[in-house]
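Here's the structure we're looking at; comments come further down.
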Amino acid sequence: MRTIAITNLKGGCGKTTTSVNLAAALALKGYRTLLIDLDPQGHATLGFGVIPENLKQTIYDVIVNPRVSLQRVLVESNVPRLVIAPSNVLLSGAEAALMQMQNREHVLMKRLEKYERYFDYCIIDCSPSLSLLTLNALDAATEVIVPVQTHYYSIEGLKQVLETLDIVQNRFNPLLHIRGILLTLAEQGTILCQDVEKQMRDYFGELILKTVIHRNIRLAEAPGAGESIMTYDRMNEGAKEYMQLAEEICYEKIRLTQTDFVNI
């Protein structure tokens, strides 16, 4: 299972939009996909029409209680082969619980170990802060995608994110690597966005993914309908761009898991 954390220490960069739509795109390409909502705001959960307040158990319970299995909290999405480990505001209390645990940075990794053979991809939507939850996500991940808005301020913020990832790699997870920096919320055809993109590609080189996600009203509307852009408007340019992103990060042949997940 390839586990990809979608993270940025800054909000408003398209992090959850990327988590939701990349997970949906991977599932539509034929991969068994798990989306973990590790943000107490629960926006990735809402993005598939699941009401966080109505949930009896969430990823919070999996983290704080080893007797609660991941399978118990999973909910089906409206995309075939995609399931969600949802969250709600209770997840904000996981920080205090984790502080009392041994090896607290590794809890999520331990909870996911037995499920690796059931999924091809796991996408983790992180909170926009360097919290214990984010550290758990980065410890459990094999790869990181960093969504960055195409604004000048984002360049300085991105340097801080990369320094943080370097620390995590050295101290907790030497297998972690940056799969790429994703330019998001780009304004089609504006000189500002073109200038910022050029500066980023000149400075960060091949770390910048080829795919660019442009600002799109349909992308903004889709969460309100409880859908990813893949089911809300499959022919929209935003859907095509996220499908292109899925194709860019996929380097293996489709190898659907054969084990029946129900029998865990």
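In the structure tokens, each chain is lettered A, B, ... as it comes, each chain's residues begin at 1, and ligands are numbered from 1 in order of appearance.
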
Q: Using only C-alpha atoms, determine which residues lie at most 8 Å from Glu95 (chain A), disregarding the query and same-chain residues fewer than 4 positions distant; provide the list as a count of residues only.
A: 5

Env of Asn103 (chain A): 12 Å cut, atoms = only C-alpha atoms, seq-sep filter 5 positions within chain, self excluded. Answer as a PDB file with N, CA and C atoms, in the first residue's frame.
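Output contents, as saved in part.pdb:
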```pdb
ATOM      1  N   LEU A  98      -2.827  11.258  22.857  1.00  0.00           N
ATOM      2  CA  LEU A  98      -1.542  10.804  22.317  1.00  0.00           C
ATOM      3  C   LEU A  98      -0.387  11.164  23.247  1.00  0.00           C
ATOM      4  N   LEU A 108      -0.571   5.887  14.609  1.00  0.00           N
ATOM      5  CA  LEU A 108      -1.344   5.662  13.389  1.00  0.00           C
ATOM      6  C   LEU A 108      -0.697   4.594  12.511  1.00  0.00           C
ATOM      7  N   MET A 109       0.625   4.626  12.396  1.00  0.00           N
ATOM      8  CA  MET A 109       1.321   3.602  11.611  1.00  0.00           C
ATOM      9  C   MET A 109       1.000   2.209  12.132  1.00  0.00           C
ATOM     10  N   LYS A 110       1.014   2.039  13.459  1.00  0.00           N
ATOM     11  CA  LYS A 110       0.718   0.735  14.054  1.00  0.00           C
ATOM     12  C   LYS A 110      -0.718   0.317  13.778  1.00  0.00           C
ATOM     13  N   LEU A 132       0.663  16.630  16.726  1.00  0.00           N
ATOM     14  CA  LEU A 132       0.959  15.205  16.872  1.00  0.00           C
ATOM     15  C   LEU A 132       0.192  14.377  15.839  1.00  0.00           C
ATOM     16  N   LEU A 135       2.236  14.668  12.708  1.00  0.00           N
ATOM     17  CA  LEU A 135       3.424  13.821  12.857  1.00  0.00           C
ATOM     18  C   LEU A 135       3.077  12.346  12.667  1.00  0.00           C
ATOM     19  N   ASN A 136       1.922  11.926  13.187  1.00  0.00           N
ATOM     20  CA  ASN A 136       1.485  10.543  12.991  1.00  0.00           C
ATOM     21  C   ASN A 136       1.242  10.239  11.523  1.00  0.00           C
ATOM     22  N   ASP A 139       4.584   9.983   9.811  1.00  0.00           N
ATOM     23  CA  ASP A 139       5.270   8.756  10.216  1.00  0.00           C
ATOM     24  C   ASP A 139       4.677   7.538   9.511  1.00  0.00           C
ATOM     25  N   PHE A 172      11.994  10.506  12.540  1.00  0.00           N
ATOM     26  CA  PHE A 172      10.921   9.544  12.726  1.00  0.00           C
ATOM     27  C   PHE A 172      10.750   8.547  11.582  1.00  0.00           C
TER      28      PHE A 172
END
```

Q: Run DSSP on the backbone and give me the residues of region 4-233 of chain A it puts in strand (DSSP E or B), as a PyMOL selection string.
A: chain A and resi 4-6+33-38+75-76+82-85+121-126+143-149+177-186+208-214

Can you write out the residues you just picked, keeping C-alpha atoms, as a compact mmCIF listing (two decimals), in the first residue's frame?
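So the final result, stored in again11.txt, reads:
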```
# COMPACT_ATOMS: atom_id res chain seq x y z
CA ILE A 4 0.44 9.54 0.71
CA ALA A 5 0.04 12.38 3.20
CA ILE A 6 -1.43 15.58 1.77
CA THR A 33 -8.26 3.40 -2.00
CA LEU A 34 -8.56 4.42 1.64
CA LEU A 35 -9.03 8.10 2.52
CA ILE A 36 -8.20 9.03 6.13
CA ASP A 37 -9.59 12.34 7.36
CA LEU A 38 -7.04 13.41 9.97
CA VAL A 75 -17.82 4.35 5.67
CA GLU A 76 -18.51 3.76 2.00
CA LEU A 82 -13.08 4.16 -2.18
CA VAL A 83 -13.75 3.99 1.57
CA ILE A 84 -13.31 6.74 4.16
CA ALA A 85 -12.01 6.77 7.74
CA TYR A 121 -3.46 3.56 -1.89
CA CYS A 122 -4.06 5.37 1.37
CA ILE A 123 -4.53 9.14 1.17
CA ILE A 124 -4.27 11.08 4.46
CA ASP A 125 -5.75 14.57 4.70
CA CYS A 126 -3.67 16.32 7.40
CA GLU A 143 5.16 9.84 0.42
CA VAL A 144 4.05 13.44 0.78
CA ILE A 145 2.29 15.75 -1.64
CA VAL A 146 2.39 19.43 -0.68
CA PRO A 147 -0.39 21.56 -2.24
CA VAL A 148 0.75 25.17 -2.64
CA GLN A 149 -1.28 28.15 -3.83
CA HIS A 177 9.98 11.19 0.62
CA ILE A 178 8.33 14.09 -1.17
CA ARG A 179 6.38 12.83 -4.15
CA GLY A 180 5.85 16.36 -5.31
CA ILE A 181 4.70 19.93 -4.78
CA LEU A 182 1.30 20.56 -6.34
CA LEU A 183 0.47 24.06 -7.57
CA THR A 184 -3.16 24.82 -6.77
CA LEU A 185 -5.77 27.57 -7.14
CA ALA A 186 -3.93 28.91 -10.18
CA ILE A 208 7.11 20.67 -8.71
CA LEU A 209 4.59 18.29 -10.25
CA LYS A 210 3.69 18.77 -13.89
CA THR A 211 -0.02 18.87 -13.09
CA VAL A 212 -1.40 22.27 -12.06
CA ILE A 213 -4.83 22.62 -10.43
CA HIS A 214 -6.61 25.78 -11.58
```

Q.
Using only C-alpha atoms for the distances, tell me which of A:Thr7, A:Gln169, A:Asn65, A:Thr18 is nearest to Met230 (chain A).
A.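 Looking only at the distances to Met230 (chain A), the closest residue turns out to be A:Thr18.
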
(Q) I'd like the neighbourhood of Ser87 (chain A) as a ChimeraX atom specification, where a residue qualifies if any of its atoms comes within 10 Å (using only C-alpha atoms), though same-chain residues fewer than 4 positions away should be ignored. (A) /A:36-46,50-53,55,57-61,73,91-92

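Across the model, the gap from CA of Glu197 (chain A) to CA of Gln160 (chain A) is 18.1 Å.
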
**Q.** helix (DSSP H, G or I) positions in region 107-226 of chain A, given as number ranges by chain
**A.** A: 107-118, 132-140, 152-171, 191-207, 217-225

Q: Write out as number ranges by chain which residues come within 12 Å of Gln244 (chain A) when counting only C-alpha atoms, dropping same-chain ones fewer than 3 positions away.
A: A: 21-22, 25-26, 29, 182, 209-213, 237-241, 247-250

Q.
Env of Gly226 (chain A): 7 Å cut, atoms = only C-alpha atoms, seq-sep filter 4 positions within chain, self excluded. Answer as a PyMOL selection string.
A. chain A and resi 46-49+222

Q: List the neighbours of Val62 (chain A) out to 10 Å using only C-alpha atoms; skip same-chain residues closer than 6 positions along the sequence, and give me the result as a ChimeraX atom specification.
A: /A:68-73,85,107-108,111-112

Based on the selection just made, write C-alpha atoms of those residues as a short mmCIF file (atom, residue, chain, number, x, y, z; two decimals), in the first residue's frame.
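Final file, again-v5.cif:
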```
data_model
loop_
_atom_site.label_atom_id
_atom_site.label_comp_id
_atom_site.auth_asym_id
_atom_site.auth_seq_id
_atom_site.Cartn_x
_atom_site.Cartn_y
_atom_site.Cartn_z
CA VAL A 68 -11.40 -0.19 17.99
CA SER A 69 -10.39 -1.52 14.59
CA LEU A 70 -10.10 0.64 11.50
CA GLN A 71 -12.66 -1.52 9.76
CA ARG A 72 -15.27 -0.63 12.39
CA VAL A 73 -15.22 3.08 11.53
CA ALA A 85 -12.01 6.77 7.74
CA VAL A 107 0.36 5.21 16.76
CA LEU A 108 -1.34 5.66 13.39
CA ARG A 111 -3.05 0.96 13.57
CA LEU A 112 -2.67 0.76 9.76
#
```

Q. Looking at only C-alpha atoms, which of A:Val20, A:Ile229, A:Ala27, A:Ile155 is the one that sits closest to Asp120 (chain A)?
A.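 Between A:Val20, A:Ile229, A:Ala27, A:Ile155, the residue approaching Asp120 (chain A) most closely is A:Ala27.
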
Q | Shortest interatomic distance to Thr190 (chain A) - which of A:Lys159, A:Tyr118, A:Gly14, A:Thr150, counting only C-alpha atoms | A | A:Thr150
